[in-house]
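Novice: The file below is protein_14.txt, compact mmCIF, C-alpha atoms:
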# COMPACT_ATOMS: atom_id res chain seq x y z
CA MET R 1 -24.29 -17.79 6.95
CA VAL R 2 -24.31 -14.53 8.90
CA ASP R 3 -27.32 -12.28 8.32
CA THR R 4 -26.50 -9.16 10.30
CA THR R 5 -26.09 -5.77 8.69
CA PHE R 6 -22.84 -5.18 10.55
CA HIS R 7 -21.19 -8.23 9.00
CA THR R 8 -22.40 -7.28 5.54
CA LEU R 9 -21.04 -3.75 5.90
CA SER R 10 -17.73 -5.01 7.26
CA ALA R 11 -17.41 -7.44 4.33
CA LEU R 12 -18.09 -4.60 1.89
CA PHE R 13 -15.55 -2.40 3.68
CA ALA R 14 -12.97 -5.20 3.50
CA LEU R 15 -13.56 -5.59 -0.23
CA VAL R 16 -13.30 -1.87 -0.95
CA SER R 17 -10.25 -1.24 1.23
CA GLY R 18 -8.57 -4.42 0.02
CA THR R 19 -9.14 -3.48 -3.60
CA ALA R 20 -7.67 -0.04 -2.98
CA ALA R 21 -4.65 -1.52 -1.19
CA GLY R 22 -4.14 -4.06 -3.98
CA LEU R 23 -4.27 -1.37 -6.65
CA LEU R 24 -1.80 0.82 -4.75
CA SER R 25 0.59 -2.09 -4.33
CA LEU R 26 0.35 -2.89 -8.06
CA LEU R 27 1.14 0.73 -8.90
CA PHE R 28 4.09 0.59 -6.50
CA TRP R 29 5.25 -2.64 -8.16
CA ARG R 30 5.16 -1.00 -11.60
CA VAL R 31 7.57 1.66 -10.32
CA LEU R 32 9.92 -0.81 -8.57
CA ARG R 33 9.68 -3.68 -11.05
CA GLU R 34 13.40 -3.55 -11.89
CA SER R 35 14.57 -3.33 -8.28
CA PRO R 36 15.19 -6.26 -5.90
CA PHE R 37 11.89 -5.50 -4.19
CA GLY R 38 9.82 -5.93 -7.38
CA THR R 39 9.11 -9.63 -6.86
CA VAL R 40 8.43 -9.15 -3.17
CA ILE R 41 5.94 -6.36 -3.87
CA ALA R 42 4.20 -8.45 -6.56
CA LEU R 43 3.81 -11.38 -4.18
CA LEU R 44 2.64 -9.03 -1.43
CA SER R 45 -0.14 -7.85 -3.74
CA GLY R 46 -1.26 -11.43 -4.30
CA THR R 47 -1.06 -12.23 -0.61
CA MET R 48 -3.17 -9.22 0.33
CA THR R 49 -5.78 -10.15 -2.26
CA ALA R 50 -5.91 -13.75 -1.03
CA MET R 51 -6.24 -12.62 2.60
CA ILE R 52 -9.13 -10.33 1.75
CA ILE R 53 -10.93 -12.98 -0.28
CA TYR R 54 -10.43 -15.50 2.54
CA HIS R 55 -11.88 -13.21 5.18
CA VAL R 56 -14.87 -12.20 3.07
CA VAL R 57 -15.62 -15.85 2.29
CA LEU R 58 -15.24 -16.60 6.01
CA PHE R 59 -17.91 -13.99 6.74
CA LEU R 60 -20.31 -15.28 4.13
CA VAL R 61 -20.22 -19.10 4.42
CA GLU R 62 -20.10 -21.71 7.15
CA PRO R 63 -16.60 -22.13 8.58
CA ASN R 64 -16.42 -25.94 8.26
CA ILE R 65 -16.26 -26.44 4.50
CA LEU R 66 -13.49 -27.81 2.31
CA LEU R 67 -13.19 -24.57 0.32
CA LEU R 68 -12.07 -22.62 3.37
CA ASP R 69 -9.55 -25.28 4.37
CA THR R 70 -8.11 -25.28 0.86
CA LEU R 71 -8.02 -21.49 0.68
CA ARG R 72 -6.36 -21.26 4.11
CA SER R 73 -3.73 -23.82 3.09
CA ALA R 74 -2.98 -21.96 -0.14
CA LEU R 75 -2.80 -18.69 1.76
CA TYR R 76 -0.29 -20.06 4.27
CA THR R 77 1.81 -21.39 1.39
CA VAL R 78 1.85 -17.99 -0.30
CA ILE R 79 2.79 -16.30 2.99
CA ALA R 80 5.67 -18.76 3.47
CA ILE R 81 6.92 -18.06 -0.07
CA PHE R 82 6.60 -14.32 0.56
CA LEU R 83 8.68 -14.54 3.74
CA TRP R 84 11.29 -16.66 1.96
CA LEU R 85 11.57 -14.07 -0.83
CA VAL R 86 11.95 -11.27 1.70
CA ILE R 87 14.83 -13.14 3.34
CA VAL R 88 16.51 -13.88 -0.01
CA THR R 89 16.14 -10.24 -1.11
CA HIS R 90 17.61 -9.05 2.17
CA GLN R 91 20.60 -11.37 1.76
CA GLN R 92 21.13 -10.14 -1.83
CA ILE R 93 21.11 -6.53 -0.68
CA ASP R 94 23.51 -7.35 2.17
CA SER R 95 25.94 -9.14 -0.14
CA SER R 96 25.88 -6.36 -2.74
CA ALA R 97 26.42 -3.74 -0.01
CA ALA R 98 29.38 -5.72 1.40
CA GLU R 99 31.05 -5.83 -2.04
CA ARG R 100 31.18 -2.04 -2.28
Could you render the structure as structure tokens?

Specialist:
Amino acid sequence: MVDTTFHTLSALFALVSGTAAGLLSLLFWRVLRESPFGTVIALLSGTMTAMIIYHVVLFLVEPNILLLDTLRSALYTVIAIFLWLVIVTHQQIDSSAAER
């Protein structure tokens, strides 16, 4: 456990800025929900939220616990799915552009 004021302030800043970024991405998703990027934006919102939670938990607890290993594994899985969806969306846009 870290007891410095700097780490506490940086954790609070990460929570506030991450919450703002998550809300903005959700608003963006509501606008683009019907487009090919809707799913990608929704998963990006979840990924950003998971990254912020992971880093705040990393600041607050000891780094060698099972919770952090599980959270890191889940986060890497979500990032892999996000990248796969970006590639699939790009291929769909390319194929629809080639048909025109």

Novice: List as a list in words the protein and nucleic acid residues near Val40 in chain R, meaning an atom at most 9 Å away when only C-alpha atoms are counted, but skip any in the same chain fewer than 3 places from it.

Specialist: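 The neighbour list is Trp29, Pro36, Phe37, Leu43, Leu44, Ser45, Phe82, Leu83, Leu85, Val86 and Thr89 of chain R.
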
Novice: With a distance cut-off of 10 Å and only C-alpha atoms, select the neighbouring residues of Gly18 in chain R, excluding the residue or stretch itself and same-chain residues fewer than 6 positions from it, and output the selection as a PDB file with C-alpha atoms, in the coordinates of the input.

Specialist:
ATOM      1  CA  LEU R  12     -18.090  -4.600   1.890  1.00  0.00           C
ATOM      2  CA  LEU R  24      -1.800   0.820  -4.750  1.00  0.00           C
ATOM      3  CA  SER R  45      -0.140  -7.850  -3.740  1.00  0.00           C
ATOM      4  CA  MET R  48      -3.170  -9.220   0.330  1.00  0.00           C
ATOM      5  CA  THR R  49      -5.780 -10.150  -2.260  1.00  0.00           C
ATOM      6  CA  ALA R  50      -5.910 -13.750  -1.030  1.00  0.00           C
ATOM      7  CA  MET R  51      -6.240 -12.620   2.600  1.00  0.00           C
ATOM      8  CA  ILE R  52      -9.130 -10.330   1.750  1.00  0.00           C
ATOM      9  CA  ILE R  53     -10.930 -12.980  -0.280  1.00  0.00           C
TER      10      ILE R  53
END

Novice: How many Å separate CA of Ala80 in chain R from CA of Thr47 in chain R?

Specialist: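 Taking CA of Ala80 in chain R and CA of Thr47 in chain R, their separation equals 10.2 Å.
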
Novice: At a cut-off of 12 Å, using all atoms listed in the file, what residues contact Leu58 in chain R? Leave out same-chain residues fewer than 6 positions from it and give the result as a PyMOL selection string.

Specialist: chain R and resi 1-2+7-8+10-11+14+51-52+64-69+71-72

Novice: With C-alpha atoms retained, could you export that selection as a PDB file, in the coordinates of the input?

Specialist:
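Done, and the output landed in out_19.pdb:
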ATOM      1  CA  MET R   1     -24.290 -17.790   6.950  1.00  0.00           C
ATOM      2  CA  VAL R   2     -24.310 -14.530   8.900  1.00  0.00           C
ATOM      3  CA  HIS R   7     -21.190  -8.230   9.000  1.00  0.00           C
ATOM      4  CA  THR R   8     -22.400  -7.280   5.540  1.00  0.00           C
ATOM      5  CA  SER R  10     -17.730  -5.010   7.260  1.00  0.00           C
ATOM      6  CA  ALA R  11     -17.410  -7.440   4.330  1.00  0.00           C
ATOM      7  CA  ALA R  14     -12.970  -5.200   3.500  1.00  0.00           C
ATOM      8  CA  MET R  51      -6.240 -12.620   2.600  1.00  0.00           C
ATOM      9  CA  ILE R  52      -9.130 -10.330   1.750  1.00  0.00           C
ATOM     10  CA  ASN R  64     -16.420 -25.940   8.260  1.00  0.00           C
ATOM     11  CA  ILE R  65     -16.260 -26.440   4.500  1.00  0.00           C
ATOM     12  CA  LEU R  66     -13.490 -27.810   2.310  1.00  0.00           C
ATOM     13  CA  LEU R  67     -13.190 -24.570   0.320  1.00  0.00           C
ATOM     14  CA  LEU R  68     -12.070 -22.620   3.370  1.00  0.00           C
ATOM     15  CA  ASP R  69      -9.550 -25.280   4.370  1.00  0.00           C
ATOM     16  CA  LEU R  71      -8.020 -21.490   0.680  1.00  0.00           C
ATOM     17  CA  ARG R  72      -6.360 -21.260   4.110  1.00  0.00           C
TER      18      ARG R  72
END

Novice: Just checking: using all atoms listed in the file, which residue out of R:Glu62, R:Gly38, R:His55, R:Ile93 ends up closest to Leu75 in chain R?

Specialist: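 Once distances to Leu75 in chain R are computed over all atoms listed in the file, the minimum belongs to R:His55.
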
Novice: Counting only C-alpha atoms, figure out which residue out of R:Leu9, R:Ala97, R:Ala42, R:Ile79 gets nearest to Leu27 in chain R.

Specialist: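 Distance minimum relative to Leu27 in chain R lands on R:Ala42.
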
Novice: Between R:Ser73, R:Ser96, R:Gln91, R:Ser17, single out the one closest to Tyr54 in chain R, counting only C-alpha atoms.

Specialist: R:Ser73

Novice: Rounded to one decimal, what separation in Å do you get between CA of Thr39 in chain R and CA of Gly22 in chain R?

Specialist: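 These two atoms are separated by 14.7 Å.
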
Novice: Can you tell me how far CA of Ser35 in chain R sits from CA of Val16 in chain R, in Å to one decimal?

Specialist: 28.9 Å

Novice: In terms of the shortest atom-to-atom distance over only C-alpha atoms, which of R:His90, R:Leu26, R:Gly46, R:Val31 is closest to Val78 in chain R?

Specialist: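 When distances to Val78 in chain R are compared using only C-alpha atoms, the smallest one comes from R:Gly46.
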
Novice: So that all listed atoms of range 76-93 of chain R fit with 3 Å spare on each side, what axis-aligned box centre and edge lengths in Å, to one decimal, would you give as lines of an AutoDock Vina configuration file?

Specialist:
center_x = 10.4
center_y = -14.0
center_z = 1.2
size_x = 27.4
size_y = 20.9
size_z = 12.1
